[in-house]
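Engineer: Pasting coords-v1.txt below, which is compact mmCIF, C-alpha atoms.
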# COMPACT_ATOMS: atom_id res chain seq x y z
CA MET A 1 -93.84 -47.61 -144.61
CA SER A 2 -94.43 -46.26 -141.20
CA LYS A 3 -97.79 -45.39 -139.84
CA GLY A 4 -98.44 -41.72 -139.39
CA TYR A 5 -99.90 -40.44 -136.08
CA THR A 6 -102.48 -37.79 -135.75
CA LYS A 7 -101.92 -34.68 -133.61
CA GLN A 8 -104.65 -35.91 -131.24
CA GLU A 9 -102.94 -39.25 -130.77
CA VAL A 10 -99.59 -37.62 -129.90
CA GLN A 11 -101.29 -35.22 -127.50
CA LYS A 12 -103.04 -38.10 -125.79
CA TRP A 13 -99.73 -39.97 -125.24
CA GLN A 14 -98.08 -36.81 -123.94
CA GLN A 15 -100.87 -36.35 -121.42
CA TRP A 16 -100.52 -39.98 -120.36
CA SER A 17 -96.75 -39.63 -119.99
CA GLU A 18 -97.06 -36.40 -117.94
CA SER A 19 -99.62 -38.01 -115.67
CA LYS A 20 -97.15 -40.88 -114.99
CA GLU A 21 -94.35 -38.44 -114.14
CA GLU A 22 -96.64 -36.66 -111.74
CA SER A 23 -97.51 -39.91 -110.01
CA VAL A 24 -93.80 -40.64 -109.46
CA ILE A 25 -93.20 -37.19 -108.06
CA LYS A 26 -96.26 -37.55 -105.91
CA ASP A 27 -95.07 -40.88 -104.41
CA PRO A 28 -96.18 -39.99 -100.88
CA PRO A 29 -93.50 -41.53 -98.62
CA MET A 30 -90.51 -40.51 -100.73
CA VAL A 31 -91.77 -36.98 -101.28
CA ALA A 32 -92.67 -36.59 -97.63
CA TRP A 33 -89.22 -37.83 -96.59
CA ALA A 34 -87.43 -35.55 -99.07
CA LYS A 35 -89.53 -32.59 -98.02
CA SER A 36 -89.05 -33.25 -94.35
CA LYS A 37 -85.27 -33.50 -94.87
CA GLU A 38 -85.28 -30.27 -96.83
CA GLU A 39 -87.45 -28.58 -94.25
CA SER A 40 -85.30 -29.91 -91.42
CA ALA A 41 -82.10 -28.66 -93.07
CA ARG A 42 -83.69 -25.24 -93.48
CA LEU A 43 -84.79 -25.11 -89.83
CA VAL A 44 -81.32 -26.16 -88.66
CA LYS A 45 -79.71 -23.55 -90.90
CA GLU A 46 -82.00 -20.88 -89.49
CA GLY A 47 -81.15 -21.96 -85.97
CA ILE A 48 -84.73 -22.91 -85.13
CA ARG A 49 -84.11 -26.63 -84.94
CA SER A 50 -81.22 -28.58 -83.44
CA TYR A 51 -80.39 -32.23 -82.77
CA GLU A 52 -79.21 -33.64 -79.49
CA TYR A 53 -77.96 -37.16 -78.85
CA GLU A 54 -78.24 -39.28 -75.73
CA LEU A 55 -75.52 -41.91 -75.97
CA SER A 56 -75.54 -44.73 -73.47
CA LEU A 57 -73.53 -47.83 -72.68
CA ARG A 58 -75.15 -50.40 -70.40
CA SER A 59 -74.76 -54.04 -69.49
CA GLU A 60 -77.44 -56.73 -69.71
CA ASN A 61 -76.99 -60.50 -69.37
CA ASP A 62 -73.20 -60.35 -69.81
CA GLN A 63 -73.58 -58.23 -72.92
CA PHE A 64 -72.78 -54.58 -73.49
CA ILE A 65 -75.28 -52.42 -75.34
CA VAL A 66 -74.57 -49.07 -76.97
CA ASP A 67 -77.72 -47.05 -77.64
CA CYS A 68 -78.18 -43.70 -79.31
CA ARG A 69 -81.32 -41.60 -78.94
CA GLU A 70 -81.79 -38.68 -81.29
CA ASP A 71 -83.81 -35.78 -79.89
CA VAL A 72 -85.13 -33.14 -82.25
CA MET A 73 -85.19 -29.82 -80.40
CA GLU A 74 -87.04 -26.63 -81.21
CA ASP A 75 -87.00 -23.61 -78.89
CA GLY A 76 -85.42 -25.73 -76.18
CA GLU A 77 -88.24 -28.26 -76.33
CA THR A 78 -87.97 -31.86 -77.51
CA ILE A 79 -90.39 -32.25 -80.39
CA SER A 80 -89.50 -35.86 -81.18
CA SER A 81 -87.15 -38.64 -80.10
CA GLU A 82 -85.99 -41.64 -82.00
CA TYR A 83 -83.66 -44.52 -81.13
CA GLU A 84 -81.05 -45.59 -83.62
CA GLU A 85 -80.37 -49.31 -83.89
CA GLY A 86 -78.46 -50.44 -80.78
CA TYR A 87 -75.12 -52.21 -80.93
CA ILE A 88 -74.50 -55.32 -78.81
CA PHE A 89 -71.03 -56.52 -77.79
CA ASP A 90 -69.61 -59.30 -75.63
CA ASP A 91 -66.70 -57.14 -74.58
CA TYR A 92 -66.89 -53.81 -72.73
CA PHE A 93 -63.92 -52.33 -74.56
CA GLU A 94 -65.42 -53.07 -77.97
CA ALA A 95 -68.65 -51.38 -76.83
CA LYS A 96 -66.66 -48.42 -75.53
CA ALA A 97 -64.93 -48.08 -78.92
CA GLN A 98 -68.33 -47.94 -80.62
CA LEU A 99 -69.49 -45.31 -78.14
CA ASN A 100 -66.38 -43.22 -78.81
CA LYS A 101 -66.97 -43.54 -82.55
CA ARG A 102 -70.47 -42.14 -82.09
CA ILE A 103 -69.16 -39.32 -79.87
CA LYS A 104 -66.62 -38.40 -82.55
CA LEU A 105 -69.41 -38.28 -85.15
CA CYS A 106 -71.41 -35.86 -83.00
CA GLU A 107 -68.33 -33.69 -82.51
CA GLU A 108 -67.62 -33.61 -86.23
CA HIS A 109 -71.15 -32.38 -86.89
CA ASN A 110 -71.09 -29.95 -83.94
CA GLU A 111 -74.05 -31.74 -82.41
CA LYS A 112 -74.81 -31.65 -78.73
CA TYR A 113 -74.53 -35.02 -76.98
CA PHE A 114 -74.81 -36.54 -73.53
CA VAL A 115 -72.99 -39.71 -72.54
CA THR A 116 -74.05 -42.24 -69.91
CA ASP A 117 -71.65 -45.13 -69.28
CA GLU A 118 -73.55 -47.22 -66.71
CA VAL A 119 -70.88 -49.93 -66.69
CA LYS A 120 -68.07 -47.50 -65.87
CA THR A 121 -70.19 -45.80 -63.20
CA LEU A 122 -71.11 -49.13 -61.58
CA HIS A 123 -67.48 -50.29 -61.52
CA HIS A 124 -66.39 -46.92 -60.15
CA VAL A 125 -68.97 -47.16 -57.34
CA THR A 126 -68.08 -50.76 -56.48
CA GLY A 127 -64.35 -50.09 -56.87
CA LYS A 128 -63.96 -52.96 -59.33
CA GLU A 129 -61.80 -52.97 -62.39
CA ILE A 130 -63.45 -53.54 -65.77
CA LYS A 131 -61.90 -56.67 -67.23
CA PRO A 132 -61.63 -57.50 -70.92
CA LYS A 133 -63.64 -60.44 -72.23
CA GLU A 134 -62.15 -63.72 -71.10
CA GLU A 135 -61.60 -66.25 -73.86
CA PRO A 136 -62.19 -69.88 -72.88
CA THR A 137 -59.01 -71.77 -72.01
CA LEU A 138 -58.33 -75.33 -70.96
CA TRP A 139 -58.43 -76.04 -67.22
CA THR A 140 -57.56 -79.10 -65.23
CA VAL A 141 -59.93 -79.84 -62.39
CA ASP A 142 -58.91 -82.43 -59.81
CA LEU A 143 -61.54 -84.40 -57.95
CA ASN A 144 -60.42 -85.89 -54.68
CA THR A 145 -63.25 -87.59 -52.81
CA ILE A 146 -62.38 -89.19 -49.49
CA PHE A 147 -64.67 -91.19 -47.22
CA LYS A 148 -63.16 -91.83 -43.82
CA ASN A 149 -64.10 -94.37 -41.14
CA ILE A 150 -67.36 -95.59 -42.59
CA LEU A 151 -68.84 -98.19 -40.31
CA PHE A 152 -70.12 -101.41 -41.84
CA GLU A 153 -71.64 -104.33 -40.07
CA CYS A 154 -71.79 -107.34 -42.33
CA THR A 155 -70.04 -110.53 -43.25
CA GLU A 156 -66.70 -110.38 -45.02
CA ASP A 157 -68.32 -111.62 -48.25
CA GLU A 158 -70.89 -108.82 -48.24
CA LEU A 159 -68.34 -106.08 -47.55
CA GLU A 160 -67.32 -105.27 -51.13
CA GLN A 161 -70.91 -105.04 -52.34
CA ASN A 162 -71.89 -102.85 -49.36
CA VAL A 163 -68.99 -100.46 -49.93
CA GLN A 164 -69.98 -100.04 -53.58
CA GLU A 165 -73.61 -99.38 -52.68
CA PHE A 166 -72.56 -96.87 -50.04
CA VAL A 167 -70.32 -94.90 -52.42
CA ILE A 168 -73.00 -94.74 -55.11
CA SER A 169 -75.64 -93.57 -52.63
CA GLU A 170 -73.25 -90.92 -51.25
CA LEU A 171 -72.46 -89.59 -54.71
CA GLU A 172 -76.12 -88.85 -55.23
CA ASN A 173 -76.07 -86.48 -52.25
CA LEU A 174 -72.69 -84.86 -52.58
CA ASP A 175 -71.66 -82.35 -50.01
CA TRP A 176 -68.71 -80.58 -51.53
CA THR A 177 -66.08 -78.42 -49.96
CA TYR A 178 -63.56 -76.77 -52.23
CA GLU A 179 -59.88 -76.20 -52.07
CA LYS A 180 -58.32 -74.12 -54.79
CA ALA A 181 -54.76 -74.66 -55.89
CA ASP A 182 -52.72 -71.98 -57.63
CA VAL A 183 -52.66 -73.60 -61.02
CA ASN A 184 -55.41 -76.16 -60.97
CA VAL A 185 -58.77 -76.15 -59.34
CA SER A 186 -58.96 -78.91 -56.82
CA LYS A 187 -62.18 -80.22 -55.32
CA THR A 188 -62.12 -82.22 -52.15
CA MET A 189 -65.00 -83.92 -50.45
CA ILE A 190 -64.42 -85.28 -47.01
CA THR A 191 -66.95 -87.42 -45.23
CA SER A 192 -65.98 -88.51 -41.76
CA MET B 1 -72.29 -119.26 -42.95
CA SER B 2 -69.88 -116.54 -41.82
CA GLU B 3 -70.88 -114.22 -39.00
CA ASN B 4 -71.42 -110.44 -39.07
CA LYS B 5 -68.48 -108.30 -38.13
CA LYS B 6 -67.92 -104.54 -37.76
CA TYR B 7 -65.49 -102.72 -40.03
CA TYR B 8 -64.24 -99.17 -40.39
CA ILE B 9 -63.47 -98.49 -44.02
CA GLY B 10 -61.74 -95.61 -45.82
CA VAL B 11 -62.46 -95.01 -49.50
CA SER B 12 -61.06 -92.46 -51.94
CA ILE B 13 -62.03 -91.52 -55.46
CA LEU B 14 -59.54 -89.58 -57.53
CA ASN B 15 -60.18 -88.14 -60.94
CA VAL B 16 -58.91 -85.37 -63.21
CA TYR B 17 -61.05 -83.54 -65.76
CA GLU B 18 -60.03 -81.18 -68.51
CA VAL B 19 -62.62 -78.53 -69.22
CA GLU B 20 -62.77 -75.44 -71.37
CA ALA B 21 -63.76 -72.43 -69.29
CA LYS B 22 -63.27 -68.70 -69.05
CA ASN B 23 -61.91 -68.83 -65.49
CA LYS B 24 -61.30 -71.06 -62.47
CA GLU B 25 -64.76 -70.51 -61.07
CA GLN B 26 -66.43 -71.54 -64.31
CA ALA B 27 -64.17 -74.62 -64.60
CA GLU B 28 -65.19 -75.62 -61.10
CA GLU B 29 -68.86 -75.04 -61.86
CA ILE B 30 -68.72 -77.23 -64.96
CA VAL B 31 -67.29 -80.18 -62.99
CA ARG B 32 -69.72 -79.56 -60.16
CA ASN B 33 -72.60 -80.05 -62.56
CA TYR B 34 -71.32 -83.38 -63.89
CA SER B 35 -73.52 -86.40 -63.38
CA ASN B 36 -72.39 -89.31 -61.17
CA GLU B 37 -71.48 -91.28 -64.28
CA GLU B 38 -69.27 -88.46 -65.55
CA LEU B 39 -67.67 -88.03 -62.14
CA LEU B 40 -66.86 -91.72 -61.80
CA ASP B 41 -65.89 -92.40 -65.39
CA ASP B 42 -62.19 -93.41 -65.48
CA SER B 43 -61.82 -92.52 -61.83
CA ASP B 44 -59.22 -94.05 -59.56
CA PHE B 45 -61.32 -95.80 -56.90
CA ASN B 46 -59.43 -97.01 -53.84
CA VAL B 47 -60.36 -98.75 -50.62
CA ASN B 48 -57.62 -97.25 -48.46
CA TYR B 49 -58.09 -99.34 -45.35
CA ILE B 50 -60.37 -101.89 -43.77
CA ASP B 51 -60.14 -102.01 -39.99
CA GLU B 52 -62.00 -104.78 -38.32
CA ILE B 53 -63.39 -103.71 -34.94
CA LYS B 54 -62.63 -106.28 -32.32
CA GLU B 55 -65.13 -106.31 -29.48
I'd like the structure from this file rewritten - as structure tokens, please.

Structural biologist:
Amino acid sequence: MSKGYTKQEVQKWQQWSESKEESVIKDPPMVAWAKSKEESARLVKEGIRSYEYELSLRSENDQFIVDCREDVMEDGETISSEYEEGYIFDDYFEAKAQLNKRIKLCEEHNEKYFVTDEVKTLHHVTGKEIKPKEEPTLWTVDLNTIFKNILFECTEDELEQNVQEFVISELENLDWTYEKADVNVSKTMITS
Amino acid sequence: MSENKKYYIGVSILNVYEVEAKNKEQAEEIVRNYSNEELLDDSDFNVNYIDEIKE
């Protein structure tokens, strides 16, 4: 046999349940975010608010960084700016592809954007060509160290030991000159 | 006991290293930074000539 509930008890639970629902609706961050989105969409629709994007590609410590700054504009004034998470690449062309992807997104949404490609500008100014990332390959490096006409004054028995000591001491203060071959890199040190 | 003499001596050290690098310059730099032990390890060390100076 089930227990019967009084009208007061049911009313009390209903009030409790409604108060819980209200607390969910009143969850401050979520409601504020939803409202701000709604409000923003309305302002954009009415032509009061617009978004502009500053897209940039720059180089730092052999890495290429694509940044996107979102400016919220009202009546031609920037009311707020926010950076999206930047993308970091080892290769310029990969970074450029990401930049183009972001440009395409702006175009699809009819959003105004400005592009700054510092890397391209710098290479244009210096007249250098932007090269793709170089993958490590195996190289042969030749070492050719020559000591000429070293003067020793000693007995014949001491000669070998003296030559060894001389070579070791010279190696600690190397004075290199380089000669590059077409295929291999050749290093030559000449001491006269 | 043998007496001191004067000698002109020519010495050469030859070695070949295989390094992984992005370009020639980096390959060169890697070898340049090797320690003396690494430079001399397995090297071909030659005394090319010994010329005694007669006075």

Engineer: Hey, can I get the axis-aligned box for region 88-101 of chain A? All listed atoms, 5 Å padding on each side, centre and edge lengths in Å to one decimal, as AutoDock Vina command-line options.

Structural biologist:
--center_x -69.2 --center_y -51.3 --center_z -77.6 --size_x 20.6 --size_y 26.1 --size_z 19.8

Engineer: Could the residues of chain A within 7 Å of chain B, counting only C-alpha atoms, be given as a PyMOL selection string, please?

Structural biologist: chain A and resi 134-155+171+185

Engineer: Near Asp71 (chain A), counting all atoms listed in the file, which residues have an atom at most 10 Å away, once you skip same-chain residues fewer than 6 positions from it, shown as a list of chain:residue names?

Structural biologist: A:Ser50, A:Tyr51, A:Glu52, A:Tyr53, A:Glu54, A:Glu77, A:Thr78, A:Ile79, A:Ser80, A:Ser81, A:Glu82, A:Tyr83, A:Lys112, A:Tyr113

Engineer: Using CA of Lys54 (chain B) and CA of Gln164 (chain A) as the two end points, give the distance in Å to one decimal.

Structural biologist: 23.3 Å

Engineer: Between CA of Asp42 (chain B) and CA of Val167 (chain A), what is the distance, to one decimal in Å?

Structural biologist: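 Distance reported for this atom pair: 15.5 Å.
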
Engineer: Rounded to one decimal in Å, what is the spacing between CA of Ile65 (chain A) and CA of Lys37 (chain A)?

Structural biologist: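 CA of Ile65 (chain A) sits 29.0 Å away from CA of Lys37 (chain A).
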
Engineer: For region 40-48 of chain A, please output as a short mmCIF file (atom, residue, chain, number, x, y, z; two decimals) with C-alpha atoms, in the frame of the given file all residues within 9 Å (counting all atoms listed in the file; exclusion window: fewer than 3 positions along the same chain).

Structural biologist:
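Saved to out-v6.cif:
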data_model
loop_
_atom_site.label_atom_id
_atom_site.label_comp_id
_atom_site.auth_asym_id
_atom_site.auth_seq_id
_atom_site.Cartn_x
_atom_site.Cartn_y
_atom_site.Cartn_z
CA LYS A 35 -89.53 -32.59 -98.02
CA SER A 36 -89.05 -33.25 -94.35
CA LYS A 37 -85.27 -33.50 -94.87
CA TYR A 51 -80.39 -32.23 -82.77
CA MET A 73 -85.19 -29.82 -80.40
CA GLU A 74 -87.04 -26.63 -81.21
CA ASP A 75 -87.00 -23.61 -78.89
#

Engineer: Mind completing region 30-58 of chain A with N, CA and C atoms? Output as a short mmCIF file (atom, residue, chain, number, x, y, z; two decimals), in the coordinates of the input, please?

Structural biologist:
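Below is the file selection-v7.cif, written as the result:
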data_model
loop_
_atom_site.label_atom_id
_atom_site.label_comp_id
_atom_site.auth_asym_id
_atom_site.auth_seq_id
_atom_site.Cartn_x
_atom_site.Cartn_y
_atom_site.Cartn_z
N MET A 30 -91.78 -41.07 -100.28
CA MET A 30 -90.51 -40.51 -100.73
C MET A 30 -90.54 -38.98 -100.72
N VAL A 31 -91.65 -38.44 -101.23
CA VAL A 31 -91.77 -36.98 -101.28
C VAL A 31 -91.81 -36.41 -99.87
N ALA A 32 -92.55 -37.07 -99.00
CA ALA A 32 -92.67 -36.59 -97.63
C ALA A 32 -91.31 -36.61 -96.94
N TRP A 33 -90.55 -37.71 -97.20
CA TRP A 33 -89.22 -37.83 -96.59
C TRP A 33 -88.30 -36.72 -97.10
N ALA A 34 -88.30 -36.56 -98.46
CA ALA A 34 -87.43 -35.55 -99.07
C ALA A 34 -87.79 -34.16 -98.55
N LYS A 35 -89.09 -33.91 -98.49
CA LYS A 35 -89.53 -32.59 -98.02
C LYS A 35 -89.16 -32.36 -96.57
N SER A 36 -89.34 -33.42 -95.77
CA SER A 36 -89.05 -33.25 -94.35
C SER A 36 -87.55 -33.01 -94.13
N LYS A 37 -86.72 -33.68 -94.95
CA LYS A 37 -85.27 -33.50 -94.87
C LYS A 37 -84.91 -32.06 -95.24
N GLU A 38 -85.53 -31.63 -96.30
CA GLU A 38 -85.28 -30.27 -96.83
C GLU A 38 -85.71 -29.24 -95.79
N GLU A 39 -86.89 -29.49 -95.25
CA GLU A 39 -87.45 -28.58 -94.25
C GLU A 39 -86.57 -28.57 -92.99
N SER A 40 -86.14 -29.77 -92.60
CA SER A 40 -85.30 -29.91 -91.42
C SER A 40 -83.99 -29.16 -91.60
N ALA A 41 -83.38 -29.34 -92.78
CA ALA A 41 -82.10 -28.66 -93.07
C ALA A 41 -82.28 -27.15 -92.99
N ARG A 42 -83.41 -26.69 -93.49
CA ARG A 42 -83.69 -25.24 -93.48
C ARG A 42 -83.82 -24.75 -92.03
N LEU A 43 -84.57 -25.51 -91.23
CA LEU A 43 -84.79 -25.11 -89.83
C LEU A 43 -83.48 -25.11 -89.04
N VAL A 44 -82.63 -26.10 -89.34
CA VAL A 44 -81.32 -26.16 -88.66
C VAL A 44 -80.47 -24.97 -89.05
N LYS A 45 -80.50 -24.67 -90.36
CA LYS A 45 -79.71 -23.55 -90.90
C LYS A 45 -80.16 -22.23 -90.27
N GLU A 46 -81.46 -22.12 -90.07
CA GLU A 46 -82.00 -20.88 -89.49
C GLU A 46 -81.87 -20.84 -87.97
N GLY A 47 -81.37 -21.92 -87.42
CA GLY A 47 -81.15 -21.96 -85.97
C GLY A 47 -82.41 -22.23 -85.16
N ILE A 48 -83.47 -22.63 -85.84
CA ILE A 48 -84.73 -22.91 -85.13
C ILE A 48 -84.68 -24.33 -84.55
N ARG A 49 -84.13 -25.23 -85.35
CA ARG A 49 -84.11 -26.63 -84.94
C ARG A 49 -82.67 -27.09 -84.65
N SER A 50 -82.53 -27.98 -83.69
CA SER A 50 -81.22 -28.58 -83.44
C SER A 50 -81.41 -30.05 -83.05
N TYR A 51 -80.32 -30.81 -83.12
CA TYR A 51 -80.39 -32.23 -82.77
C TYR A 51 -79.49 -32.48 -81.56
N GLU A 52 -80.01 -33.25 -80.65
CA GLU A 52 -79.21 -33.64 -79.49
C GLU A 52 -79.20 -35.16 -79.40
N TYR A 53 -78.11 -35.70 -78.90
CA TYR A 53 -77.96 -37.16 -78.85
C TYR A 53 -77.69 -37.65 -77.43
N GLU A 54 -78.44 -38.63 -77.03
CA GLU A 54 -78.24 -39.28 -75.73
C GLU A 54 -77.56 -40.62 -76.01
N LEU A 55 -76.29 -40.69 -75.69
CA LEU A 55 -75.52 -41.91 -75.97
C LEU A 55 -75.34 -42.69 -74.67
N SER A 56 -75.66 -43.96 -74.71
CA SER A 56 -75.54 -44.73 -73.47
C SER A 56 -74.87 -46.09 -73.69
N LEU A 57 -74.16 -46.50 -72.67
CA LEU A 57 -73.53 -47.83 -72.68
C LEU A 57 -74.00 -48.54 -71.41
N ARG A 58 -74.66 -49.67 -71.58
CA ARG A 58 -75.15 -50.40 -70.40
C ARG A 58 -74.89 -51.89 -70.57
#
